[in-house]
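Trainee: As input, take data14.txt (compact mmCIF, C-alpha atoms and all ligand atoms):
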```
# COMPACT_ATOMS: atom_id res chain seq x y z
CA MET A 601 0.00 0.00 0.00
CA GLN A 602 1.21 3.51 -0.81
CA ASN A 603 1.83 6.00 1.91
CA ARG A 604 -1.57 7.62 2.28
CA GLN A 605 -0.54 10.72 4.14
CA PRO A 606 -2.39 13.78 2.86
CA LYS A 607 -0.74 16.89 1.52
CA GLN A 608 -0.55 19.84 3.89
CA GLY A 609 -3.72 21.85 4.31
CA PHE A 610 -6.06 18.87 3.68
CA ASN A 611 -8.12 17.94 6.73
CA PHE A 612 -7.84 14.18 6.50
CA ASP A 613 -9.20 13.50 10.00
CA LYS A 614 -12.60 14.70 8.89
CA TYR A 615 -13.04 11.56 6.73
CA PRO A 616 -13.68 8.21 8.42
CA ILE A 617 -11.62 5.23 7.45
CA PHE A 618 -12.94 2.44 9.68
CA GLU A 619 -15.84 0.13 8.91
CA GLN A 620 -17.75 1.31 11.97
CA ASP A 621 -17.50 4.89 10.74
CA ILE A 622 -19.60 4.15 7.67
CA ASP A 623 -23.14 5.51 7.99
CA PRO A 624 -25.45 2.49 8.38
CA LYS A 625 -27.85 4.32 6.07
CA GLN A 626 -25.23 4.71 3.34
CA ARG A 627 -26.62 1.97 1.11
CA ALA A 628 -29.57 -0.16 2.23
CA TRP A 629 -30.80 -0.97 5.73
CA ILE A 630 -33.61 -2.27 7.90
CA GLU A 631 -35.33 0.04 10.35
CA VAL A 632 -36.74 -1.73 13.38
CA LYS A 633 -39.60 0.06 15.09
CA GLY A 634 -39.32 -0.95 18.71
CA LYS A 635 -42.42 0.97 19.78
CA ALA A 636 -44.56 -0.75 17.11
CA LEU A 637 -43.40 -4.10 18.37
CA GLU A 638 -44.16 -3.16 21.96
CA ALA A 639 -47.64 -1.93 20.95
CA ASN A 640 -48.31 -5.16 19.03
CA VAL A 641 -47.43 -7.25 22.07
CA ARG A 642 -49.67 -5.10 24.30
CA GLN A 643 -52.53 -5.34 21.88
CA LEU A 644 -52.21 -9.09 21.37
CA ARG A 645 -52.12 -9.58 25.13
CA THR A 646 -55.54 -7.93 25.45
CA LYS A 647 -56.90 -11.04 23.66
CA LEU A 648 -55.54 -13.31 26.40
CA SER A 649 -57.01 -14.16 29.78
CA THR A 650 -55.10 -12.60 32.65
CA ASN A 651 -53.51 -15.91 33.64
CA CYS A 652 -52.28 -16.62 30.11
CA GLN A 653 -48.67 -15.67 29.43
CA PHE A 654 -47.06 -14.37 26.26
CA MET A 655 -43.89 -15.98 24.94
CA ALA A 656 -42.21 -13.77 22.35
CA VAL A 657 -40.66 -15.96 19.67
CA VAL A 658 -37.39 -14.29 18.69
CA LYS A 659 -35.71 -17.10 16.76
CA ALA A 660 -33.69 -16.40 13.60
CA ASP A 661 -32.47 -13.09 15.05
CA GLY A 662 -36.00 -12.00 15.87
CA TYR A 663 -37.37 -12.90 12.41
CA GLY A 664 -34.58 -10.78 10.93
CA HIS A 665 -35.41 -7.72 13.04
CA ASP A 666 -32.51 -8.03 15.55
CA ALA A 667 -33.21 -10.31 18.49
CA LYS A 668 -31.92 -7.87 21.09
CA VAL A 669 -34.19 -5.02 20.05
CA VAL A 670 -37.15 -7.37 19.68
CA SER A 671 -36.60 -8.97 23.08
CA ASP A 672 -36.24 -5.62 24.84
CA TYR A 673 -39.44 -4.18 23.38
CA ALA A 674 -41.43 -7.42 23.63
CA ILE A 675 -40.60 -7.56 27.34
CA ARG A 676 -41.67 -3.93 27.72
CA GLY A 677 -44.95 -4.90 26.04
CA GLY A 678 -45.48 -7.65 28.60
CA ALA A 679 -43.84 -10.78 27.19
CA SER A 680 -42.86 -12.97 30.13
CA GLU A 681 -40.87 -15.61 28.26
CA LEU A 682 -38.77 -15.83 25.09
CA GLY A 683 -38.49 -18.59 22.52
CA VAL A 684 -35.43 -19.24 20.35
CA ALA A 685 -34.58 -22.01 17.90
CA THR A 686 -30.97 -22.75 18.80
CA LEU A 687 -28.58 -22.99 21.70
CA LYS A 688 -26.50 -20.18 20.25
CA GLU A 689 -29.51 -17.86 19.94
CA GLY A 690 -30.32 -18.50 23.60
CA ILE A 691 -26.77 -17.82 24.79
CA LYS A 692 -26.72 -14.61 22.77
CA LEU A 693 -29.84 -13.34 24.54
CA ARG A 694 -28.29 -14.15 27.92
CA SER A 695 -25.16 -12.23 26.89
CA PHE A 696 -27.38 -9.20 26.21
CA GLY A 697 -28.55 -9.43 29.81
CA VAL A 698 -32.00 -10.89 29.16
CA LYS A 699 -33.22 -12.42 32.43
CA LYS A 700 -36.59 -13.90 31.41
CA PRO A 701 -37.08 -17.65 30.96
CA ILE A 702 -35.87 -18.79 27.52
CA LEU A 703 -37.14 -21.91 25.78
CA ILE A 704 -35.11 -23.51 22.98
CA LEU A 705 -37.66 -24.72 20.45
CA GLY A 706 -35.22 -26.87 18.48
CA ASN A 707 -33.80 -30.17 19.71
CA LEU A 708 -30.58 -30.60 21.70
CA TYR A 709 -29.45 -34.21 21.73
CA THR A 710 -25.88 -34.30 23.01
CA LYS A 711 -24.85 -34.23 26.65
CA ARG A 712 -22.45 -31.43 25.86
CA ASP A 713 -25.13 -29.16 24.37
CA LEU A 714 -27.54 -29.92 27.18
CA ILE A 715 -24.87 -29.01 29.76
CA ILE A 716 -24.21 -25.72 27.95
CA SER A 717 -27.96 -25.10 27.91
CA PHE A 718 -28.20 -25.82 31.65
CA LYS A 719 -25.26 -23.56 32.52
CA ASN A 720 -26.84 -20.68 30.60
CA ASP A 721 -30.21 -21.20 32.28
CA LEU A 722 -31.91 -22.10 28.98
CA MET A 723 -34.77 -24.59 28.90
CA PRO A 724 -34.51 -27.32 26.26
CA THR A 725 -37.45 -28.91 24.48
CA ILE A 726 -37.50 -32.60 25.33
CA SER A 727 -38.98 -35.16 22.95
CA SER A 728 -37.70 -38.47 24.32
CA ILE A 729 -36.90 -40.40 27.49
CA ARG A 730 -33.28 -40.55 26.38
CA GLU A 731 -32.89 -36.75 26.45
CA CYS A 732 -34.83 -36.62 29.69
CA LEU A 733 -32.36 -39.02 31.28
CA ILE A 734 -29.39 -36.94 30.15
CA CYS A 735 -31.00 -33.84 31.70
CA ASN A 736 -31.72 -35.70 34.91
CA ASN A 737 -28.07 -36.80 35.12
CA ILE A 738 -26.87 -33.27 34.51
CA GLY A 739 -29.20 -31.98 37.23
CA LYS A 740 -27.96 -34.65 39.63
CA HIS A 741 -24.35 -33.76 38.86
CA PHE A 742 -24.98 -30.13 39.80
CA GLY A 743 -27.20 -31.01 42.74
CA LEU A 744 -30.01 -29.00 41.12
CA LYS A 745 -33.10 -29.46 38.98
CA PHE A 746 -32.80 -29.03 35.22
CA SER A 747 -35.77 -26.93 33.98
CA LEU A 748 -37.23 -28.08 30.69
CA HIS A 749 -40.38 -28.33 28.60
CA LEU A 750 -41.80 -31.61 27.30
CA LYS A 751 -43.17 -31.61 23.80
CA ILE A 752 -45.85 -33.92 22.43
CA ASP A 753 -46.37 -34.54 18.73
CA THR A 754 -50.08 -34.14 17.98
CA GLY A 755 -49.90 -33.96 14.21
CA MET A 756 -46.88 -32.00 13.05
CA SER A 757 -44.64 -35.10 12.89
CA ARG A 758 -41.60 -33.05 13.74
CA LEU A 759 -40.38 -32.94 17.37
CA GLY A 760 -42.21 -34.32 20.40
CA PHE A 761 -43.07 -37.54 22.20
CA GLU A 762 -45.27 -39.83 20.16
CA SER A 763 -48.76 -39.11 21.42
CA SER A 764 -49.75 -42.79 21.74
CA LYS A 765 -46.84 -43.43 24.10
CA PHE A 766 -46.76 -40.17 26.03
CA VAL A 767 -49.04 -41.10 28.93
CA GLN A 768 -46.99 -44.18 29.74
CA GLN A 769 -43.68 -42.37 29.31
CA PHE A 770 -44.83 -39.50 31.49
CA GLU A 771 -45.16 -41.93 34.42
CA LYS A 772 -41.47 -42.69 34.08
CA ILE A 773 -40.54 -39.03 33.65
CA LYS A 774 -42.33 -38.16 36.90
CA SER A 775 -39.84 -40.36 38.76
CA PHE A 776 -36.85 -38.29 37.59
CA GLU A 777 -35.89 -36.18 40.60
CA ASN A 778 -33.42 -33.79 39.04
CA ILE A 779 -35.58 -32.28 36.35
CA SER A 780 -38.24 -29.66 36.73
CA ILE A 781 -41.00 -29.81 34.12
CA GLU A 782 -41.79 -26.14 33.48
CA GLY A 783 -44.02 -26.73 30.51
CA ILE A 784 -45.80 -29.26 28.33
CA TYR A 785 -46.52 -28.25 24.80
CA SER A 786 -47.39 -29.14 21.26
CA HIS A 787 -47.28 -27.29 17.95
CA LEU A 788 -50.05 -26.68 15.41
CA SER A 789 -49.36 -27.51 11.77
CA SER A 790 -52.25 -25.78 10.02
CA ALA A 791 -53.78 -23.07 12.20
CA ASP A 792 -53.41 -20.49 9.41
CA GLU A 793 -55.59 -22.51 7.00
CA ASP A 794 -59.01 -21.05 6.26
CA ASN A 795 -60.83 -24.08 7.66
CA ALA A 796 -58.95 -24.17 10.97
CA LEU A 797 -62.10 -23.68 13.05
CA ASN A 798 -64.12 -26.42 11.35
CA SER A 799 -64.75 -29.27 13.73
CA GLN A 800 -62.92 -31.79 11.54
CA SER A 801 -59.89 -29.61 10.74
CA ILE A 802 -56.36 -30.80 11.51
CA THR A 803 -56.13 -27.90 13.95
CA GLN A 804 -59.19 -28.93 15.98
CA LEU A 805 -58.08 -32.57 15.96
CA GLN A 806 -54.67 -31.53 17.27
CA ARG A 807 -56.29 -29.52 20.05
CA LEU A 808 -58.58 -32.39 21.02
CA LYS A 809 -55.71 -34.87 21.07
CA PHE A 810 -53.61 -32.50 23.20
CA ASN A 811 -56.50 -32.00 25.66
CA GLU A 812 -57.11 -35.72 25.87
CA LEU A 813 -53.47 -36.45 26.72
CA LEU A 814 -53.39 -33.70 29.34
CA LYS A 815 -56.48 -35.20 30.95
CA GLN A 816 -54.91 -38.65 30.96
CA ILE A 817 -51.68 -37.63 32.67
CA ASN A 818 -53.72 -36.32 35.57
CA LEU A 819 -51.61 -33.37 36.70
CA ASP A 820 -51.96 -32.20 40.30
CA GLN A 821 -54.39 -29.35 40.77
CA ASP A 822 -51.68 -27.02 42.06
CA ASN A 823 -49.04 -27.88 39.47
CA GLU A 824 -46.94 -25.05 38.08
CA ILE A 825 -46.56 -26.58 34.65
CA LYS A 826 -47.36 -24.26 31.78
CA ILE A 827 -49.43 -25.83 29.05
CA HIS A 828 -49.05 -24.24 25.61
CA LEU A 829 -50.12 -24.97 22.05
CA ALA A 830 -50.69 -21.83 20.00
CA ASN A 831 -48.50 -19.96 17.55
CA SER A 832 -49.77 -16.61 16.16
CA ALA A 833 -52.49 -18.20 14.06
CA GLY A 834 -53.64 -20.50 16.87
CA MET A 835 -53.71 -17.60 19.28
CA LEU A 836 -55.87 -15.51 16.93
CA LEU A 837 -58.38 -18.33 16.32
CA ASN A 838 -59.90 -18.30 19.81
CA LYS A 839 -59.29 -18.83 23.52
CA ASP A 840 -59.66 -22.61 23.29
CA PHE A 841 -56.10 -22.59 21.98
CA HIS A 842 -54.55 -20.35 24.64
CA PHE A 843 -54.05 -22.58 27.71
CA GLN A 844 -51.44 -21.01 30.07
CA MET A 845 -49.19 -19.52 27.43
CA VAL A 846 -49.07 -18.64 23.73
CA ARG A 847 -45.92 -18.61 21.60
CA VAL A 848 -46.16 -15.67 19.26
CA GLY A 849 -43.90 -14.73 16.38
CA LEU A 850 -45.34 -13.33 13.16
CA SER A 851 -48.22 -11.28 14.58
CA MET A 852 -45.95 -9.61 17.14
CA TYR A 853 -43.87 -8.35 14.19
CA GLY A 854 -47.00 -6.79 12.74
CA TYR A 855 -48.61 -9.27 10.32
CA SER A 856 -51.60 -11.52 10.73
CA PRO A 857 -51.13 -15.06 9.44
CA LEU A 858 -54.88 -15.41 8.96
CA ALA A 859 -56.52 -14.54 5.65
CA LYS A 860 -59.64 -13.36 7.49
CA ILE A 861 -58.34 -10.39 9.36
CA ASP A 862 -59.92 -9.23 12.60
CA LYS A 863 -60.92 -5.63 11.90
CA ASN A 864 -60.28 -4.68 15.53
CA LEU A 865 -56.71 -5.87 15.40
CA LEU A 866 -54.43 -3.09 14.24
CA LEU A 867 -50.99 -4.60 14.04
CA LYS A 868 -48.16 -2.29 13.06
CA PRO A 869 -45.28 -3.56 10.92
CA ALA A 870 -42.05 -3.35 12.93
CA LEU A 871 -39.75 -3.63 9.93
CA TYR A 872 -39.06 -1.05 7.23
CA LEU A 873 -36.68 -1.89 4.41
CA LYS A 874 -35.04 1.09 2.75
CA ALA A 875 -32.37 1.70 0.12
CA ASN A 876 -30.71 4.75 -1.31
CA VAL A 877 -30.49 5.77 -4.95
CA ALA A 878 -26.84 5.31 -5.90
CA PHE A 879 -27.02 6.44 -9.52
CA ILE A 880 -29.48 7.91 -12.03
CA ARG A 881 -29.39 7.49 -15.81
CA ILE A 882 -31.68 8.20 -18.74
CA ILE A 883 -32.08 5.59 -21.46
CA ASP A 884 -33.76 5.89 -24.87
CA GLN A 885 -36.82 3.98 -25.94
CA GLY A 886 -36.06 0.34 -26.89
CA VAL A 887 -33.09 -0.11 -24.55
CA SER A 888 -32.77 -3.26 -22.44
CA VAL A 889 -32.23 -3.17 -18.71
CA SER A 890 -30.31 -5.60 -16.49
CA TYR A 891 -29.26 -9.24 -16.98
CA GLY A 892 -31.02 -11.08 -19.76
CA GLY A 893 -32.59 -7.92 -21.13
CA LYS A 894 -35.96 -8.98 -19.72
CA PHE A 895 -37.14 -5.36 -19.60
CA VAL A 896 -36.98 -3.08 -22.65
CA SER A 897 -37.94 0.57 -22.29
CA ARG A 898 -41.11 1.61 -24.14
CA ARG A 899 -40.29 5.28 -23.86
CA GLN A 900 -37.33 7.40 -22.93
CA THR A 901 -36.89 6.29 -19.34
CA LYS A 902 -35.21 7.68 -16.25
CA LEU A 903 -33.75 4.89 -14.12
CA ALA A 904 -32.65 4.98 -10.51
CA VAL A 905 -30.11 2.36 -9.47
CA LEU A 906 -30.81 1.24 -5.89
CA SER A 907 -28.07 -0.28 -3.79
CA ILE A 908 -29.92 -3.42 -2.79
CA GLY A 909 -30.20 -6.85 -4.39
CA TYR A 910 -30.75 -10.52 -3.76
CA ALA A 911 -27.54 -10.80 -1.73
CA ASP A 912 -29.34 -8.55 0.77
CA GLY A 913 -32.31 -10.92 0.83
CA VAL A 914 -34.68 -9.44 -1.75
CA PRO A 915 -35.99 -12.51 -3.61
CA ARG A 916 -34.78 -12.46 -7.21
CA ASN A 917 -38.06 -13.89 -8.42
CA LEU A 918 -39.72 -10.59 -7.49
CA SER A 919 -37.92 -9.01 -10.47
CA GLY A 920 -40.30 -6.69 -12.28
CA LYS A 921 -43.15 -7.44 -9.86
CA ILE A 922 -42.65 -4.92 -7.06
CA ASN A 923 -42.84 -1.20 -6.47
CA VAL A 924 -40.85 1.04 -4.19
CA ILE A 925 -42.18 4.17 -2.51
CA HIS A 926 -40.75 7.68 -2.47
CA ASN A 927 -42.63 10.65 -1.09
CA ASN A 928 -46.00 8.92 -1.06
CA LYS A 929 -45.66 7.68 -4.69
CA PHE A 930 -45.07 4.19 -6.08
CA TYR A 931 -42.32 3.55 -8.66
CA PRO A 932 -41.99 0.20 -10.47
CA GLN A 933 -38.88 -1.91 -10.20
CA VAL A 934 -37.76 -2.98 -13.70
CA GLY A 935 -35.44 -5.65 -15.12
CA SER A 936 -33.83 -8.52 -13.21
CA ILE A 937 -32.91 -7.85 -9.61
CA THR A 938 -29.14 -8.35 -9.44
CA MET A 939 -26.98 -9.51 -6.56
CA ASP A 940 -26.33 -6.06 -5.12
CA GLN A 941 -28.48 -3.63 -7.07
CA MET A 942 -31.82 -3.15 -8.80
CA MET A 943 -33.28 -0.59 -11.18
CA VAL A 944 -36.42 1.46 -10.69
CA ASP A 945 -38.33 3.47 -13.29
CA ILE A 946 -38.50 7.03 -11.96
CA THR A 947 -39.40 8.73 -15.24
CA ASP A 948 -42.44 10.33 -13.60
CA SER A 949 -40.44 11.97 -10.82
CA ASN A 950 -38.42 15.12 -10.89
CA GLU A 951 -37.64 15.11 -7.18
CA ILE A 952 -35.63 11.91 -6.80
CA ARG A 953 -31.88 12.50 -6.63
CA ILE A 954 -28.76 10.43 -6.04
CA GLY A 955 -28.88 9.74 -2.31
CA SER A 956 -32.71 9.82 -2.10
CA THR A 957 -34.16 7.11 0.12
CA MET A 958 -36.72 4.65 -1.27
CA VAL A 959 -38.99 2.43 0.83
CA LEU A 960 -39.14 -1.21 -0.29
CA LEU A 961 -41.15 -2.50 2.70
CA GLY A 962 -43.13 -0.38 5.11
CA SER A 963 -45.06 2.84 4.71
CA ASP A 964 -44.48 6.30 3.32
CA GLY A 965 -47.41 8.72 3.43
CA ASP A 966 -50.51 6.63 2.85
CA LYS A 967 -48.70 4.03 0.73
CA THR A 968 -47.67 0.71 2.24
CA ILE A 969 -45.87 -2.37 0.95
CA SER A 970 -46.09 -5.46 3.14
CA PRO A 971 -44.00 -8.65 3.31
CA LEU A 972 -47.37 -10.41 2.86
CA GLU A 973 -47.50 -8.93 -0.66
CA TRP A 974 -43.91 -9.94 -1.44
CA ALA A 975 -44.65 -13.44 -0.15
CA ARG A 976 -47.69 -13.79 -2.39
CA LYS A 977 -45.79 -12.51 -5.44
CA SER A 978 -42.77 -14.73 -4.88
CA ASN A 979 -44.84 -17.78 -4.03
CA THR A 980 -43.67 -18.16 -0.45
CA ILE A 981 -44.78 -17.18 3.06
CA PRO A 982 -44.08 -13.96 4.99
CA TRP A 983 -41.98 -15.84 7.57
CA GLU A 984 -39.48 -16.73 4.84
CA ILE A 985 -39.37 -13.17 3.48
CA LEU A 986 -38.58 -11.75 6.94
CA CYS A 987 -35.83 -14.16 7.86
CA SER A 988 -34.15 -13.99 4.44
CA PHE A 989 -32.64 -10.57 5.09
CA LYS A 990 -28.89 -10.87 5.36
CA ASN A 991 -26.38 -9.44 7.79
CA ARG A 992 -25.19 -7.09 5.08
CA LEU A 993 -28.22 -4.94 5.85
CA PRO A 994 -27.52 -2.93 9.01
CA ARG A 995 -30.42 -3.03 11.50
CA VAL A 996 -31.18 0.49 12.68
CA GLN A 997 -33.46 0.87 15.65
CA VAL A 998 -35.97 3.71 15.43
CA ASP A 999 -38.97 4.50 17.61
C1 LIG B 1001 -41.69 -20.35 15.20
C2 LIG B 1001 -42.54 -21.01 16.21
C3 LIG B 1001 -43.62 -20.32 16.78
C4 LIG B 1001 -44.07 -18.94 16.32
O1 LIG B 1001 -44.83 -19.07 15.15
P1 LIG B 1001 -45.58 -17.81 14.47
O2 LIG B 1001 -46.45 -18.44 13.46
O3 LIG B 1001 -44.53 -16.97 13.85
O4 LIG B 1001 -46.33 -17.11 15.54
C5 LIG B 1001 -44.30 -20.95 17.81
N1 LIG B 1001 -43.96 -22.20 18.22
C6 LIG B 1001 -42.95 -22.89 17.67
C7 LIG B 1001 -42.63 -24.26 18.16
C8 LIG B 1001 -42.22 -22.32 16.64
O5 LIG B 1001 -41.22 -23.03 16.09
```
Just give me the structure of the file as structure tokens.
Mentor:
Amino acid sequence: MQNRQPKQGFNFDKYPIFEQDIDPKQRAWIEVKGKALEANVRQLRTKLSTNCQFMAVVKADGYGHDAKVVSDYAIRGGASELGVATLKEGIKLRSFGVKKPILILGNLYTKRDLIISFKNDLMPTISSIRECLICNNIGKHFGLKFSLHLKIDTGMSRLGFESSKFVQQFEKIKSFENISIEGIYSHLSSADEDNALNSQSITQLQRLKFNELLKQINLDQDNEIKIHLANSAGMLLNKDFHFQMVRVGLSMYGYSPLAKIDKNLLLKPALYLKANVAFIRIIDQGVSVSYGGKFVSRRQTKLAVLSIGYADGVPRNLSGKINVIHNNKFYPQVGSITMDQMMVDITDSNEIRIGSTMVLLGSDGDKTISPLEWARKSNTIPWEILCSFKNRLPRVQVD
């Protein structure tokens, strides 16, 4: 490298040179609205009975929003527990100083991982006697009780004790002295389907099976075990699904998973995706734009190049199907979305400049673009859209 000392009279110190000195809003970024999240949790909790607790599900870095910000605001809104998918996600929350109970929703199956979980005061999800035994041995070794949740499979066929064997296995589990069963739960596979409330739906059959098993294990009247079944969709169906706790992800972030939306529920999106215009050019009529020349201008066209692409997590199959918002107006994205950039037709604007900020998701004036819309257009679900955003996008917390 050359000697990069400036000539005399040039104030070099004014210009940052370190990565952390770069403005997080220099290119493209995600704004996380903590207050919206807090308000969503508060509002969702008004649907619950007073003895029903709210677990904020903050797996996958808080559905891409930043797990620390989400946890802080969810707790302010009244969440009493947190759910993560992995051991690492749980440890990370502890390192941020989160004190609430944390449940790991994924499966830990080695002694080593279960010990790490125990030492960090994280509760594992237990789906077999084998894992239960390991936890009991760990508890014994420390002279303490290992807190955990038991999971029953009622129709998801993923994790959980087999329902036909659970009652018998629970008898054995009760004899383990160094575990503390903090919860018993199951997970709904289809609560966001339109027919979920029909008496013969998978969802109702799962609920009935879960209830039946709980009746058969005959818990003491004064037990402290939390029973839980519902995700966002299950929670929004009705109180029959609430039990002592609900595990809420998507709706806390501001989107209802149900097609039939409750008019009284006013969820606010907590995530805004924004990108700056990095370059502007004017092309003639009949000129092709981006890889493959899939878009050809039908008139003289002014293009804005935005610094965001599929390497940031914008699905490439949305190419040519989305709009962006600037100053309460929509502008169509044109041509293939590339790895790091995309083009937008701004012919109708004379106010957009290099450096102008465009909204890809969220609201501006009375215009809104939702991840639900992106999900529909790219043939996926909003959960996948939210957790596709990459680390390259700085998360900026705003109120
Ligand atoms: C992700 C997850 C949830 C939250 O689901 P949403 O539909 O986002 O509310 C709840 N429970 C379990 C077991 C999960 O894995």
Trainee: Would you list the contacts of segment 615-627 of chain A as a count of residues only, taking every protein, DNA or RNA residue within 6 Å and counting only C-alpha atoms, but skipping same-chain residues closer than 5 positions in sequence?
Mentor: 4
Trainee: Just want the residues within 6 Å of ligand LIG 1001 (chain B), written as a PyMOL selection string, counting all atoms listed in the file.
Mentor: chain A and resi 657+705+787+831-832+847-850
Trainee: Save out the residues we just selected, C-alpha atoms, as an mmCIF file, keeping the file's coordinate frame.
Mentor:
```cif
data_model
loop_
_atom_site.group_PDB
_atom_site.id
_atom_site.type_symbol
_atom_site.label_atom_id
_atom_site.label_comp_id
_atom_site.auth_asym_id
_atom_site.auth_seq_id
_atom_site.Cartn_x
_atom_site.Cartn_y
_atom_site.Cartn_z
ATOM 1 C CA VAL A 657 -40.660 -15.960 19.670
ATOM 2 C CA LEU A 705 -37.660 -24.720 20.450
ATOM 3 C CA HIS A 787 -47.280 -27.290 17.950
ATOM 4 C CA ASN A 831 -48.500 -19.960 17.550
ATOM 5 C CA SER A 832 -49.770 -16.610 16.160
ATOM 6 C CA ARG A 847 -45.920 -18.610 21.600
ATOM 7 C CA VAL A 848 -46.160 -15.670 19.260
ATOM 8 C CA GLY A 849 -43.900 -14.730 16.380
ATOM 9 C CA LEU A 850 -45.340 -13.330 13.160
#
```
Trainee: Taking all atoms listed in the file into account, which of A:Met939, A:Leu906, A:Met723, A:Leu750 comes nearest Ile954 of chain A?
Mentor: A:Leu906
Trainee: Could you please determine the separation between atom CA of Lys774 of chain A and atom CA of Asn736 of chain A in Å, to one decimal place?
Mentor: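 One can read the atom CA of Lys774 of chain A to atom CA of Asn736 of chain A distance as 11.1 Å.
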Trainee: Measure the distance from atom CA of Ile827 of chain A to atom CA of Leu714 of chain A in Å and round it to one decimal.
Mentor: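 About the pair atom CA of Ile827 of chain A and atom CA of Leu714 of chain A: they are 22.3 Å apart.
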Trainee: Pick from A:Asn603, A:Gln643, A:Asn778, A:Ser801: nearest to Leu865 of chain A, with all atoms listed in the file counted?
Mentor: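 Distance minimum relative to Leu865 of chain A lands on A:Gln643.
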Trainee: What is the distance between atom CA of Trp983 of chain A and atom CA of Lys809 of chain A, in Å to one decimal?
Mentor: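 Computed distance, atom CA of Trp983 of chain A to atom CA of Lys809 of chain A, equals 27.1 Å.
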Trainee: List the neighbours of Phe742 of chain A out to 12 Å using only C-alpha atoms; skip same-chain residues closer than 5 positions along the sequence, and give me the result as a CSV table (one decimal) with C-alpha atoms, in the frame of the given file.
Mentor:
```csv
chain,number,residue,atom,x,y,z
A,715,ILE,CA,-24.9,-29.0,29.8
A,718,PHE,CA,-28.2,-25.8,31.6
A,719,LYS,CA,-25.3,-23.6,32.5
A,735,CYS,CA,-31.0,-33.8,31.7
A,736,ASN,CA,-31.7,-35.7,34.9
A,737,ASN,CA,-28.1,-36.8,35.1
A,778,ASN,CA,-33.4,-33.8,39.0
A,779,ILE,CA,-35.6,-32.3,36.4
```
Trainee: Would you mind telling me which residue in A:Met655, A:Leu961, A:Ile817, A:Ala833 lies nearest to Val914 of chain A when using only C-alpha atoms?
Mentor: A:Leu961
Trainee: Show me the residues close to (-37.5, -29.1, 36.8) - anything with an atom within 8 Å, counting all atoms listed in the file - and format the list as a count of residues only.
Mentor: 9
Trainee: Excluding His842 of chain A and residues on its chain fewer than 6 positions from it, collect all residues at most 10 Å away from it, counting only C-alpha atoms, and give them as a VMD selection string.
Mentor: chain A and resid 647 to 649 652 to 654 827 to 831 834 to 836
Trainee: Closest to Phe843 of chain A among A:Leu960, A:Ile784, A:Met942, A:Ala878, using all atoms listed in the file?
Mentor: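 Of the candidates, the smallest distance to Phe843 of chain A is held by A:Ile784.
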Trainee: Neighbours of segment 658-668 of chain A within 6 Å (all atoms listed in the file; same-chain residues fewer than 3 positions away dropped), as a PyMOL selection string?
Mentor: chain A and resi 671+683-685+986-987
Trainee: Any chance you can output those residues with C-alpha atoms as a PDB file, in the frame of the given file?
Mentor:
```pdb
ATOM      1  CA  SER A 671     -36.600  -8.970  23.080  1.00  0.00           C
ATOM      2  CA  GLY A 683     -38.490 -18.590  22.520  1.00  0.00           C
ATOM      3  CA  VAL A 684     -35.430 -19.240  20.350  1.00  0.00           C
ATOM      4  CA  ALA A 685     -34.580 -22.010  17.900  1.00  0.00           C
ATOM      5  CA  LEU A 986     -38.580 -11.750   6.940  1.00  0.00           C
ATOM      6  CA  CYS A 987     -35.830 -14.160   7.860  1.00  0.00           C
TER       7      CYS A 987
END
```
Trainee: Rank A:Val924, A:Val959, A:Leu993, A:Cys732 by their smallest atom-to-atom distance to Ile946 of chain A, using all atoms listed in the file, and report the top residue only.
Mentor: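 Ranking A:Val924, A:Val959, A:Leu993, A:Cys732 by distance to Ile946 of chain A, first place goes to A:Val924.
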